[in-house]
file input-v8.tsv (TSV, C-alpha atoms)
chain	number	residue	atom	x	y	z
A	1	MET	CA	-20.49	4.82	-16.92
A	2	ILE	CA	-19.20	7.48	-14.60
A	3	GLY	CA	-17.93	9.16	-17.76
A	4	SER	CA	-21.50	9.94	-18.81
A	5	LEU	CA	-22.25	11.84	-15.60
A	6	GLY	CA	-20.75	15.02	-17.03
A	7	THR	CA	-22.82	14.70	-20.22
A	8	LEU	CA	-25.98	14.47	-18.12
A	9	SER	CA	-24.90	17.49	-16.00
A	10	ILE	CA	-24.65	15.40	-12.88
A	11	ASN	CA	-22.25	16.55	-10.16
A	12	GLY	CA	-20.57	14.64	-7.34
A	13	GLY	CA	-23.20	15.61	-4.78
A	14	MET	CA	-26.04	14.35	-6.99
A	15	PHE	CA	-24.16	11.12	-7.65
A	16	ARG	CA	-23.44	10.43	-3.99
A	17	HIS	CA	-27.05	11.18	-3.08
A	18	SER	CA	-28.33	8.84	-5.79
A	19	ILE	CA	-26.58	6.05	-3.86
A	20	GLU	CA	-27.79	7.30	-0.47
A	21	ARG	CA	-31.34	7.05	-1.83
A	22	MET	CA	-31.01	3.29	-2.43
A	23	ASP	CA	-33.35	1.04	-0.53
A	24	PRO	CA	-31.32	0.29	2.65
A	25	ALA	CA	-31.73	-3.49	2.31
A	26	HIS	CA	-30.50	-3.34	-1.28
A	27	TYR	CA	-27.61	-1.04	-0.29
A	28	LEU	CA	-26.40	-3.26	2.53
A	29	SER	CA	-26.74	-6.51	0.58
A	30	SER	CA	-25.05	-5.43	-2.65
A	31	PRO	CA	-21.38	-4.88	-3.50
A	32	TYR	CA	-19.89	-1.44	-3.98
A	33	PHE	CA	-20.02	-1.23	-7.76
A	34	GLU	CA	-23.67	-2.25	-7.75
A	35	HIS	CA	-24.21	0.96	-5.76
A	36	TRP	CA	-22.63	2.92	-8.60
A	37	LEU	CA	-24.70	1.02	-11.17
A	38	THR	CA	-27.93	1.70	-9.28
A	39	GLY	CA	-27.09	5.36	-8.68
A	40	VAL	CA	-26.01	6.16	-12.24
A	41	THR	CA	-28.99	4.33	-13.71
A	42	THR	CA	-31.38	6.16	-11.38
A	43	LEU	CA	-29.93	9.50	-12.46
A	44	ALA	CA	-30.10	8.52	-16.15
A	45	VAL	CA	-33.78	7.57	-15.76
A	46	GLU	CA	-34.55	10.79	-13.87
A	47	ALA	CA	-32.79	12.81	-16.60
A	48	GLY	CA	-35.00	11.12	-19.21
A	49	ALA	CA	-32.07	9.34	-20.87
A	50	ALA	CA	-33.47	5.87	-20.19
A	51	SER	CA	-36.75	4.27	-19.11
A	52	VAL	CA	-37.22	1.55	-16.53
A	53	ASP	CA	-39.30	-0.54	-18.95
A	54	GLU	CA	-36.61	-0.44	-21.60
A	55	LEU	CA	-33.87	-1.27	-19.11
A	56	GLU	CA	-35.79	-4.20	-17.66
A	57	ARG	CA	-36.60	-5.49	-21.12
A	58	ARG	CA	-32.92	-5.41	-22.09
A	59	ALA	CA	-31.75	-6.86	-18.78
A	60	GLY	CA	-34.39	-9.61	-18.88
A	61	GLY	CA	-35.51	-9.05	-15.30
A	62	ARG	CA	-36.12	-6.55	-12.54
A	63	PHE	CA	-33.76	-3.54	-12.37
A	64	PRO	CA	-34.12	-1.97	-8.91
A	65	LEU	CA	-33.43	1.76	-8.74
A	66	SER	CA	-32.99	4.23	-5.92
A	67	ARG	CA	-35.90	5.92	-4.19
A	68	PRO	CA	-37.19	9.35	-5.32
A	69	ASP	CA	-35.20	12.35	-4.13
A	70	ARG	CA	-36.98	13.96	-1.17
A	71	GLY	CA	-34.06	16.21	-0.26
A	72	LEU	CA	-34.57	19.97	-0.12
A	73	LEU	CA	-32.30	22.77	-1.24
A	74	PRO	CA	-30.86	24.42	1.92
A	75	ASP	CA	-32.14	27.92	2.76
A	76	ASP	CA	-28.70	29.52	3.01
A	77	LEU	CA	-27.34	29.92	-0.53
A	78	THR	CA	-24.85	32.70	0.26
A	79	PRO	CA	-21.36	31.99	-1.05
A	80	ARG	CA	-18.54	32.55	1.46
A	81	LYS	CA	-14.78	32.34	1.16
A	82	GLU	CA	-13.14	34.01	4.14
A	83	PRO	CA	-12.86	31.73	7.16
A	84	ARG	CA	-14.79	32.80	10.22
A	85	TYR	CA	-12.85	30.46	12.51
A	86	ALA	CA	-9.14	30.12	13.24
A	87	VAL	CA	-7.12	27.04	14.16
A	88	GLY	CA	-7.68	26.38	17.85
A	89	ASP	CA	-11.24	27.78	17.96
A	90	GLU	CA	-13.85	25.67	19.75
A	91	VAL	CA	-16.99	24.98	17.68
A	92	ARG	CA	-20.18	22.97	17.90
A	93	VAL	CA	-21.70	21.16	14.92
A	94	ARG	CA	-25.28	22.23	14.25
A	95	GLU	CA	-27.90	19.53	14.71
A	96	TRP	CA	-30.49	19.55	11.96
A	97	HIS	CA	-30.50	16.16	10.18
A	98	PRO	CA	-31.39	17.29	6.65
A	99	PRO	CA	-33.55	14.88	4.59
A	100	GLY	CA	-31.23	15.16	1.57
A	101	HIS	CA	-27.51	15.00	0.91
A	102	THR	CA	-25.03	16.39	3.41
A	103	ARG	CA	-21.38	15.89	4.32
A	104	ALA	CA	-22.08	16.40	8.01
A	105	PRO	CA	-22.14	12.90	9.47
A	106	ARG	CA	-24.83	12.42	12.10
A	107	TYR	CA	-22.31	11.15	14.63
A	108	VAL	CA	-20.81	14.62	15.01
A	109	GLN	CA	-24.00	16.68	14.85
A	110	GLY	CA	-24.51	18.50	18.14
A	111	LYS	CA	-20.94	17.66	19.26
A	112	ARG	CA	-18.16	20.02	20.29
A	113	GLY	CA	-14.76	20.06	18.64
A	114	THR	CA	-11.69	22.15	17.85
A	115	ILE	CA	-10.62	23.57	14.49
A	116	VAL	CA	-7.25	22.04	13.51
A	117	ARG	CA	-6.92	22.97	9.82
A	118	PHE	CA	-8.45	25.34	7.26
A	119	ASP	CA	-8.82	23.74	3.82
A	120	GLY	CA	-9.89	26.75	1.73
A	121	ALA	CA	-13.36	27.35	0.29
A	122	HIS	CA	-15.15	24.63	-1.67
A	123	ASN	CA	-18.55	24.00	-3.24
A	124	VAL	CA	-21.15	22.99	-0.69
A	125	SER	CA	-22.23	19.43	-1.49
A	126	ASP	CA	-25.67	19.86	0.12
A	127	ILE	CA	-26.45	22.64	-2.37
A	128	GLU	CA	-25.03	21.13	-5.56
A	129	ALA	CA	-26.79	17.83	-4.82
A	130	HIS	CA	-30.19	19.55	-4.85
A	131	GLY	CA	-30.00	21.78	-7.91
A	132	GLY	CA	-28.61	24.92	-6.29
A	133	GLY	CA	-25.45	25.08	-8.38
A	134	PHE	CA	-22.02	25.80	-7.01
A	135	VAL	CA	-21.86	27.83	-3.79
A	136	THR	CA	-18.57	28.03	-1.88
A	137	ASP	CA	-18.00	27.79	1.85
A	138	PRO	CA	-14.84	27.51	3.98
A	139	VAL	CA	-13.96	23.92	4.96
A	140	TYR	CA	-12.16	22.93	8.16
A	141	SER	CA	-10.81	19.81	9.76
A	142	VAL	CA	-12.42	19.62	13.19
A	143	ARG	CA	-11.01	17.45	16.00
A	144	PHE	CA	-13.39	15.65	18.38
A	145	ALA	CA	-12.45	13.75	21.50
A	146	SER	CA	-13.60	10.13	21.42
A	147	ARG	CA	-15.37	10.74	24.79
A	148	GLU	CA	-17.28	13.72	23.35
A	149	LEU	CA	-18.68	11.53	20.56
A	150	TRP	CA	-19.24	8.23	22.35
A	151	GLY	CA	-19.37	8.97	26.08
A	152	GLU	CA	-18.58	5.96	28.22
A	153	ALA	CA	-17.92	3.85	25.13
A	154	GLY	CA	-15.18	6.22	24.00
A	155	THR	CA	-11.47	6.03	24.77
A	156	ASP	CA	-9.41	8.57	26.69
A	157	GLY	CA	-6.89	10.30	24.45
A	158	ASP	CA	-8.17	9.04	21.08
A	159	VAL	CA	-9.45	11.67	18.66
A	160	ILE	CA	-11.54	11.72	15.50
A	161	HIS	CA	-11.16	14.41	12.83
A	162	VAL	CA	-14.01	15.26	10.47
A	163	ASP	CA	-13.80	17.70	7.56
A	164	LEU	CA	-16.76	20.09	7.76
A	165	PHE	CA	-18.18	23.07	5.87
A	166	GLU	CA	-18.36	26.28	7.91
A	167	ARG	CA	-22.15	26.44	7.58
A	168	TYR	CA	-22.39	23.20	9.55
A	169	LEU	CA	-20.70	24.90	12.53
A	170	GLU	CA	-21.65	27.37	15.24
A	171	ASP	CA	-19.74	28.98	18.08
A	172	SER	CA	-19.28	26.67	21.05
A	173	GLN	CA	-21.03	28.05	24.13
B	1	MET	CA	-46.48	4.15	-11.76
B	2	THR	CA	-49.72	3.13	-13.46
B	3	ALA	CA	-51.75	0.20	-12.22
B	4	ASP	CA	-51.02	-1.91	-15.29
B	5	HIS	CA	-47.33	-1.18	-15.06
B	6	HIS	CA	-45.65	-4.53	-15.31
B	7	HIS	CA	-42.49	-5.35	-13.41
B	8	PRO	CA	-40.83	-8.71	-13.89
B	9	ALA	CA	-40.56	-10.61	-10.63
B	10	GLU	CA	-37.06	-11.94	-11.11
B	11	LEU	CA	-34.12	-9.69	-10.39
B	12	ALA	CA	-31.92	-9.35	-13.46
B	13	PRO	CA	-28.32	-10.45	-12.83
B	14	VAL	CA	-26.02	-7.51	-12.19
B	15	GLU	CA	-24.06	-8.17	-15.40
B	16	ALA	CA	-27.30	-7.97	-17.42
B	17	ARG	CA	-28.23	-4.72	-15.70
B	18	ILE	CA	-24.82	-3.23	-16.51
B	19	ALA	CA	-25.13	-4.29	-20.16
B	20	ALA	CA	-28.65	-2.79	-20.32
B	21	ILE	CA	-27.78	0.69	-19.06
B	22	GLU	CA	-24.49	0.72	-20.95
B	23	SER	CA	-26.16	-0.10	-24.26
B	24	VAL	CA	-28.84	2.58	-23.72
B	25	LEU	CA	-26.27	5.26	-22.89
B	26	VAL	CA	-24.04	4.30	-25.85
B	27	GLU	CA	-27.01	4.40	-28.26
B	28	LYS	CA	-27.95	7.85	-27.00
B	29	GLY	CA	-24.39	9.08	-27.44
B	30	LEU	CA	-24.03	9.67	-23.70
B	31	LEU	CA	-21.30	7.13	-23.17
B	32	ASP	CA	-18.04	6.79	-25.07
B	33	THR	CA	-16.76	3.24	-24.60
B	34	GLU	CA	-13.24	4.21	-25.70
B	35	ALA	CA	-13.12	6.87	-23.00
B	36	VAL	CA	-14.26	4.30	-20.43
B	37	ASP	CA	-11.58	1.85	-21.60
B	38	ALA	CA	-8.96	4.59	-21.26
B	39	ILE	CA	-10.08	5.30	-17.68
B	40	VAL	CA	-9.94	1.59	-16.80
B	41	ARG	CA	-6.47	1.28	-18.39
B	42	ASN	CA	-5.26	4.27	-16.37
B	43	PHE	CA	-6.43	2.63	-13.14
B	44	GLU	CA	-4.86	-0.70	-14.07
B	45	ASP	CA	-1.52	0.64	-15.30
B	46	ASN	CA	-0.79	3.89	-13.50
B	47	LEU	CA	-2.63	4.09	-10.18
B	48	GLY	CA	-2.00	2.00	-7.11
B	49	PRO	CA	-0.23	1.75	-3.76
B	50	MET	CA	3.15	1.45	-5.54
B	51	ASN	CA	2.88	5.22	-6.01
B	52	GLY	CA	2.20	5.94	-2.35
B	53	ALA	CA	5.07	3.61	-1.42
B	54	LYS	CA	7.47	5.76	-3.47
B	55	VAL	CA	6.27	8.85	-1.60
B	56	VAL	CA	6.84	7.15	1.76
B	57	ALA	CA	10.29	5.82	0.80
B	58	ARG	CA	11.35	9.29	-0.35
B	59	ALA	CA	10.15	10.82	2.92
B	60	TRP	CA	12.12	8.18	4.88
B	61	THR	CA	15.36	8.96	3.04
B	62	ASP	CA	15.11	12.71	2.42
B	63	GLN	CA	14.36	14.88	5.46
B	64	ALA	CA	13.75	18.03	3.39
B	65	TYR	CA	11.23	16.13	1.24
B	66	LYS	CA	9.49	14.81	4.35
B	67	GLU	CA	9.09	18.34	5.68
B	68	ARG	CA	7.60	19.52	2.37
B	69	LEU	CA	5.33	16.46	2.34
B	70	LEU	CA	3.92	17.17	5.78
B	71	ALA	CA	3.58	20.91	5.08
B	72	ASP	CA	1.91	20.59	1.64
B	73	GLY	CA	1.11	17.01	0.71
B	74	THR	CA	-0.41	17.84	-2.68
B	75	ALA	CA	2.68	19.69	-3.94
B	76	ALA	CA	5.20	17.20	-2.56
B	77	ILE	CA	3.31	14.23	-4.05
B	78	ARG	CA	3.07	16.05	-7.38
B	79	GLU	CA	6.91	16.35	-7.33
B	80	LEU	CA	6.97	12.58	-7.84
B	81	GLY	CA	4.42	12.81	-10.65
B	82	PHE	CA	1.30	11.67	-8.80
B	83	GLU	CA	-1.80	13.83	-9.10
B	84	GLY	CA	-5.35	13.80	-10.44
B	85	PRO	CA	-8.95	13.15	-9.39
B	86	GLU	CA	-9.36	12.22	-5.70
B	87	GLY	CA	-5.83	13.50	-5.14
B	88	ASP	CA	-6.32	17.21	-5.72
B	89	TYR	CA	-5.90	18.05	-2.06
B	90	MET	CA	-3.67	15.67	-0.16
B	91	VAL	CA	-2.95	15.72	3.56
B	92	VAL	CA	-0.17	13.45	4.86
B	93	VAL	CA	-0.31	12.44	8.53
B	94	GLU	CA	2.78	11.07	10.25
B	95	ASN	CA	2.91	8.09	12.59
B	96	THR	CA	5.31	8.50	15.52
B	97	PRO	CA	6.04	6.46	18.66
B	98	GLU	CA	3.28	8.51	20.36
B	99	VAL	CA	0.68	8.78	17.58
B	100	HIS	CA	-0.99	6.29	15.23
B	101	ASN	CA	-3.14	7.62	12.37
B	102	LEU	CA	-6.08	5.83	10.74
B	103	VAL	CA	-8.03	6.91	7.63
B	104	VAL	CA	-11.70	6.23	6.89
B	105	CYS	CA	-14.58	7.71	4.92
B	106	THR	CA	-17.73	7.16	6.96
B	107	LEU	CA	-20.11	8.73	4.42
B	108	CYS	CA	-18.98	6.84	1.32
B	109	SER	CA	-15.50	5.64	0.34
B	110	CYS	CA	-13.31	8.68	-0.39
B	111	TYR	CA	-9.75	7.49	-1.01
B	112	PRO	CA	-6.58	8.98	-2.56
B	113	TRP	CA	-6.63	7.44	-6.05
B	114	PRO	CA	-3.31	8.79	-7.43
B	115	THR	CA	-1.27	7.39	-4.52
B	116	LEU	CA	-3.28	4.30	-3.49
B	117	GLY	CA	-5.48	3.42	-6.50
B	118	LEU	CA	-8.98	2.10	-5.82
B	119	PRO	CA	-9.92	1.21	-2.22
B	120	PRO	CA	-9.97	-2.40	-0.99
B	121	LYS	CA	-13.36	-4.03	-0.43
B	122	TRP	CA	-13.24	-3.78	3.38
B	123	TYR	CA	-12.57	-0.02	3.23
B	124	LYS	CA	-15.99	0.42	1.58
B	125	ALA	CA	-17.81	-1.93	3.96
B	126	PRO	CA	-20.25	-0.43	6.50
B	127	ALA	CA	-18.52	-2.33	9.33
B	128	TYR	CA	-15.14	-0.68	8.74
B	129	ARG	CA	-16.68	2.74	8.10
B	130	SER	CA	-18.67	2.76	11.33
B	131	ARG	CA	-16.22	1.03	13.65
B	132	ALA	CA	-13.15	3.05	12.58
B	133	VAL	CA	-14.61	6.09	14.32
B	134	ARG	CA	-16.47	4.32	17.09
B	135	GLU	CA	-13.89	1.80	18.34
B	136	PRO	CA	-10.69	2.17	16.27
B	137	ARG	CA	-8.47	0.43	18.83
B	138	LYS	CA	-10.63	-2.71	18.92
B	139	LEU	CA	-11.08	-2.72	15.16
B	140	LEU	CA	-7.34	-2.45	14.55
B	141	ALA	CA	-6.64	-5.26	17.02
B	142	GLU	CA	-9.13	-7.48	15.18
B	143	MET	CA	-7.33	-6.64	11.92
B	144	GLY	CA	-4.08	-7.81	13.54
B	145	THR	CA	-2.67	-4.43	14.53
B	146	VAL	CA	-2.40	-3.93	18.26
B	147	ILE	CA	-1.77	-0.29	19.16
B	148	PRO	CA	0.10	-0.14	22.48
B	149	ASP	CA	-1.61	1.61	25.39
B	150	GLY	CA	-0.37	5.15	25.62
B	151	VAL	CA	-0.17	5.58	21.86
B	152	GLU	CA	-2.84	8.07	20.79
B	153	ILE	CA	-5.05	7.03	17.87
B	154	ARG	CA	-5.97	9.84	15.50
B	155	VAL	CA	-8.77	8.97	13.10
B	156	TRP	CA	-9.26	11.04	9.94
B	157	ASP	CA	-12.75	10.89	8.37
B	158	SER	CA	-12.32	12.19	4.81
B	159	SER	CA	-15.80	13.68	4.67
B	160	ALA	CA	-15.05	16.65	2.41
B	161	GLU	CA	-12.12	17.77	0.25
B	162	ALA	CA	-9.00	16.34	1.83
B	163	ARG	CA	-7.71	12.87	0.96
B	164	TYR	CA	-5.35	11.38	3.52
B	165	LEU	CA	-2.16	9.34	3.27
B	166	VAL	CA	-0.54	7.90	6.40
B	167	LEU	CA	3.25	8.18	6.60
B	168	PRO	CA	4.19	4.99	8.52
B	169	MET	CA	7.21	4.80	10.83
B	170	ARG	CA	10.33	3.42	9.16
B	171	PRO	CA	10.95	-0.07	10.58
B	172	ASP	CA	14.11	-0.81	12.55
B	173	GLY	CA	16.84	-2.65	10.72
B	174	THR	CA	16.31	-0.90	7.39
B	175	ASP	CA	19.27	1.48	7.57
B	176	GLN	CA	21.14	-0.22	4.73
B	177	MET	CA	18.19	-0.32	2.34
B	178	THR	CA	18.03	1.90	-0.73
B	179	GLU	CA	15.03	4.13	-1.43
B	180	GLU	CA	13.83	1.63	-4.03
B	181	GLN	CA	14.16	-1.28	-1.60
B	182	LEU	CA	12.30	0.69	1.04
B	183	ALA	CA	9.43	1.35	-1.37
B	184	GLY	CA	9.13	-2.42	-1.68
B	185	ILE	CA	8.31	-2.90	1.99
B	186	VAL	CA	5.63	-0.17	2.23
B	187	THR	CA	2.20	-1.75	2.12
B	188	ARG	CA	-1.14	-0.30	1.11
B	189	ASP	CA	-2.60	-1.08	4.52
B	190	SER	CA	0.17	0.80	6.31
B	191	MET	CA	-0.68	3.92	4.30
B	192	ILE	CA	-4.35	3.63	5.32
B	193	GLY	CA	-3.26	3.10	8.90
B	194	VAL	CA	-4.61	-0.40	9.55
B	195	GLN	CA	-1.11	-1.89	9.72
B	196	ARG	CA	2.21	-1.01	11.37
B	197	LEU	CA	5.36	-1.98	9.52

call {"tool": "encode", "arguments": {"input": "input-v8.tsv", "output": "structure tokens"}}
result
Amino acid sequence: MIGSLGTLSINGGMFRHSIERMDPAHYLSSPYFEHWLTGVTTLAVEAGAASVDELERRAGGRFPLSRPDRGLLPDDLTPRKEPRYAVGDEVRVREWHPPGHTRAPRYVQGKRGTIVRFDGAHNVSDIEAHGGGFVTDPVYSVRFASRELWGEAGTDGDVIHVDLFERYLEDSQ
Amino acid sequence: MTADHHHPAELAPVEARIAAIESVLVEKGLLDTEAVDAIVRNFEDNLGPMNGAKVVARAWTDQAYKERLLADGTAAIRELGFEGPEGDYMVVVENTPEVHNLVVCTLCSCYPWPTLGLPPKWYKAPAYRSRAVREPRKLLAEMGTVIPDGVEIRVWDSSAEARYLVLPMRPDGTDQMTEEQLAGIVTRDSMIGVQRL
């Protein structure tokens, strides 16, 4: 079924967000491939390729879909390619908790880390997931100390690396 | 939703739901079942941890290859013929006596398909995804892998483009083994970082 995503003009960001929009109880109580089924079917219904009534008639029962998309297209749609940061630079992850799709996990938002690798420029998932097309941004691997993320519950010496788009980052003060 | 919109009370079994959406998409010409079968065959026949094991065994026996692998994982893995979706940008991280690496995808289940195939069930479970970054040492111990004090744990959350492969340490007592024999002792879990060989 993933094969039909291209035909429906659905990109990876839209697909991942279709799963993030699942009812949390359904998400947590269903196996992985049911997430794919629910996401793809939701996107097919939203694209007008299928109707809920028809699907439920054929399935002979209720066919739960994901919730409506309440995500917003980000304001900054400027494409960028040249990295602003170098390996070793200290950065802070912006803290904004967008309502839609993002690849900035909440557990690093607002936290300070160090750039350890530059991965080139790639399409920003937050933008492609919400109809903004393909806009590039530099991507880095950022290293966080366990203590920075988890405080007393962290461990001295252990580190967590998260791959982040440049527009998620700001200079560390 | 209109007021008279009728929804059946009983949840349709997941198999019936799959058949329903599949039949609709096929009828509309949006799904090519032969293409799907080809994808499934490719996963069953060509992708899996046996590929990653070959990469590791080569790195253990060929120092120049290991250096290329750590410098540019994508190119070095392609040398052995492994490439494709979810493997377009590979980063290989090396375990040493001082450092243990662990791979996770907290946001979904990103995983290097060409070298490891599809992820195991636990890798996609919320418990693994949250605890790998929050308390990796405790999680690993519960999974049977005790990381000695003083060994640094480096967690890699594949939240964007890079897909990670752990290069485990070569076990003692394997000096006489051939590259092929070595590939046979490399496990999937050791290349995710939840096991030490």

call {"tool": "residues_around", "arguments": {"input": "input-v8.tsv", "residues": "stretch 25-42 of chain B", "least_positions_apart": "2", "cutoff": "12 Å", "atoms": "all atoms listed in the file", "output": "ChimeraX atom specification"}}
result
/A:1-9,40-41,43-45,47-51,54-55 /B:18-23,44-48,84-85,113-114,117-118

call {"tool": "interface_residues", "arguments": {"input": "input-v8.tsv", "of": "chain A", "to": "chain B", "cutoff": "7 Å", "atoms": "all atoms listed in the file", "output": "list in words"}}
result
Met1, Gly3, Ser4, Thr7, Leu37, Thr41, Ala50, Leu55, Arg58, Ala59, Gly60, Gly61, Arg62, Phe63, Arg103, Pro105, Gly157, Asp158, Val159, Ile160, His161, Val162, Asp163 and Leu164 of chain A

call {"tool": "atom_distance", "arguments": {"input": "input-v8.tsv", "atom1": "atom CA of A:Arg21", "atom2": "atom CA of A:Ser125"}}
result
15.4 Å

call {"tool": "residues_around", "arguments": {"input": "input-v8.tsv", "residues": "stretch 107-120 of chain A", "least_positions_apart": "6", "cutoff": "9 Å", "atoms": "all atoms listed in the file", "output": "VMD selection string"}}
result
(chain A and resid 81 to 83 85 to 97 137 to 145 148 to 150 161 to 163 168 172) or (chain B and resid 89 161 to 162)

call {"tool": "closest_residue", "arguments": {"input": "input-v8.tsv", "among": "A:Thr102, A:Thr38, A:Ser29, A:Thr136", "to": "A:His122", "atoms": "only C-alpha atoms"}}
result
A:Thr136

call {"tool": "atom_distance", "arguments": {"input": "input-v8.tsv", "atom1": "atom CA of B:Met177", "atom2": "atom CA of B:Val146"}}
result
26.3 Å

call {"tool": "atom_distance", "arguments": {"input": "input-v8.tsv", "atom1": "atom CA of A:His130", "atom2": "atom CA of A:Arg167"}}
result
16.3 Å

call {"tool": "closest_residue", "arguments": {"input": "input-v8.tsv", "among": "A:Arg80, A:Arg106, A:His101, A:His17", "to": "A:Arg67", "atoms": "all atoms listed in the file"}}
result
A:His17

call {"tool": "closest_residue", "arguments": {"input": "input-v8.tsv", "among": "B:Tyr65, B:Thr74, B:Leu197, B:Thr187", "to": "B:Gly173", "atoms": "all atoms listed in the file"}}
result
B:Leu197

call {"tool": "residues_around", "arguments": {"input": "input-v8.tsv", "residues": "B:Pro49", "least_positions_apart": "2", "cutoff": "12 Å", "atoms": "all atoms listed in the file", "output": "PyMOL selection string"}}
result
chain B and resi 43-47+51-56+82+111-120+165-166+183-192

call {"tool": "write_last_selection", "arguments": {"input": "input-v8.tsv", "atoms": "C-alpha atoms", "output": "short mmCIF file (atom, residue, chain, number, x, y, z; two decimals), keeping the file's coordinate frame"}}
result
data_model
loop_
_atom_site.label_atom_id
_atom_site.label_comp_id
_atom_site.auth_asym_id
_atom_site.auth_seq_id
_atom_site.Cartn_x
_atom_site.Cartn_y
_atom_site.Cartn_z
CA PHE B 43 -6.43 2.63 -13.14
CA GLU B 44 -4.86 -0.70 -14.07
CA ASP B 45 -1.52 0.64 -15.30
CA ASN B 46 -0.79 3.89 -13.50
CA LEU B 47 -2.63 4.09 -10.18
CA ASN B 51 2.88 5.22 -6.01
CA GLY B 52 2.20 5.94 -2.35
CA ALA B 53 5.07 3.61 -1.42
CA LYS B 54 7.47 5.76 -3.47
CA VAL B 55 6.27 8.85 -1.60
CA VAL B 56 6.84 7.15 1.76
CA PHE B 82 1.30 11.67 -8.80
CA TYR B 111 -9.75 7.49 -1.01
CA PRO B 112 -6.58 8.98 -2.56
CA TRP B 113 -6.63 7.44 -6.05
CA PRO B 114 -3.31 8.79 -7.43
CA THR B 115 -1.27 7.39 -4.52
CA LEU B 116 -3.28 4.30 -3.49
CA GLY B 117 -5.48 3.42 -6.50
CA LEU B 118 -8.98 2.10 -5.82
CA PRO B 119 -9.92 1.21 -2.22
CA PRO B 120 -9.97 -2.40 -0.99
CA LEU B 165 -2.16 9.34 3.27
CA VAL B 166 -0.54 7.90 6.40
CA ALA B 183 9.43 1.35 -1.37
CA GLY B 184 9.13 -2.42 -1.68
CA ILE B 185 8.31 -2.90 1.99
CA VAL B 186 5.63 -0.17 2.23
CA THR B 187 2.20 -1.75 2.12
CA ARG B 188 -1.14 -0.30 1.11
CA ASP B 189 -2.60 -1.08 4.52
CA SER B 190 0.17 0.80 6.31
CA MET B 191 -0.68 3.92 4.30
CA ILE B 192 -4.35 3.63 5.32
#

call {"tool": "build_atoms", "arguments": {"input": "input-v8.tsv", "residues": "stretch 120-130 of chain B", "atoms": "N, CA, C and O atoms", "output": "compact mmCIF listing (two decimals), in the coordinates of the input"}}
result
# COMPACT_ATOMS: atom_id res chain seq x y z
N PRO B 120 -9.64 -0.98 -1.17
CA PRO B 120 -9.97 -2.40 -0.99
C PRO B 120 -11.42 -2.54 -0.55
O PRO B 120 -12.03 -1.60 -0.04
N LYS B 121 -11.95 -3.75 -0.72
CA LYS B 121 -13.36 -4.03 -0.43
C LYS B 121 -13.74 -3.64 1.01
O LYS B 121 -14.78 -3.03 1.25
N TRP B 122 -12.89 -4.02 1.98
CA TRP B 122 -13.24 -3.78 3.38
C TRP B 122 -13.33 -2.30 3.70
O TRP B 122 -14.07 -1.89 4.60
N TYR B 123 -12.57 -1.47 2.96
CA TYR B 123 -12.57 -0.02 3.23
C TYR B 123 -13.95 0.57 2.92
O TYR B 123 -14.35 1.57 3.50
N LYS B 124 -14.68 -0.08 1.99
CA LYS B 124 -15.99 0.42 1.58
C LYS B 124 -17.12 -0.23 2.37
O LYS B 124 -18.28 0.12 2.19
N ALA B 125 -16.77 -1.18 3.23
CA ALA B 125 -17.81 -1.93 3.96
C ALA B 125 -18.34 -1.11 5.14
O ALA B 125 -17.57 -0.45 5.84
N PRO B 126 -19.67 -1.18 5.37
CA PRO B 126 -20.25 -0.43 6.50
C PRO B 126 -19.58 -0.74 7.84
O PRO B 126 -19.45 0.14 8.68
N ALA B 127 -19.12 -1.97 8.04
CA ALA B 127 -18.52 -2.33 9.33
C ALA B 127 -17.24 -1.53 9.58
O ALA B 127 -17.04 -0.98 10.65
N TYR B 128 -16.38 -1.46 8.58
CA TYR B 128 -15.14 -0.68 8.74
C TYR B 128 -15.47 0.79 8.93
O TYR B 128 -14.93 1.47 9.80
N ARG B 129 -16.38 1.30 8.09
CA ARG B 129 -16.68 2.74 8.10
C ARG B 129 -17.27 3.18 9.43
O ARG B 129 -17.03 4.30 9.88
N SER B 130 -18.06 2.35 10.06
CA SER B 130 -18.67 2.76 11.33
C SER B 130 -17.73 2.50 12.51
O SER B 130 -17.61 3.32 13.42
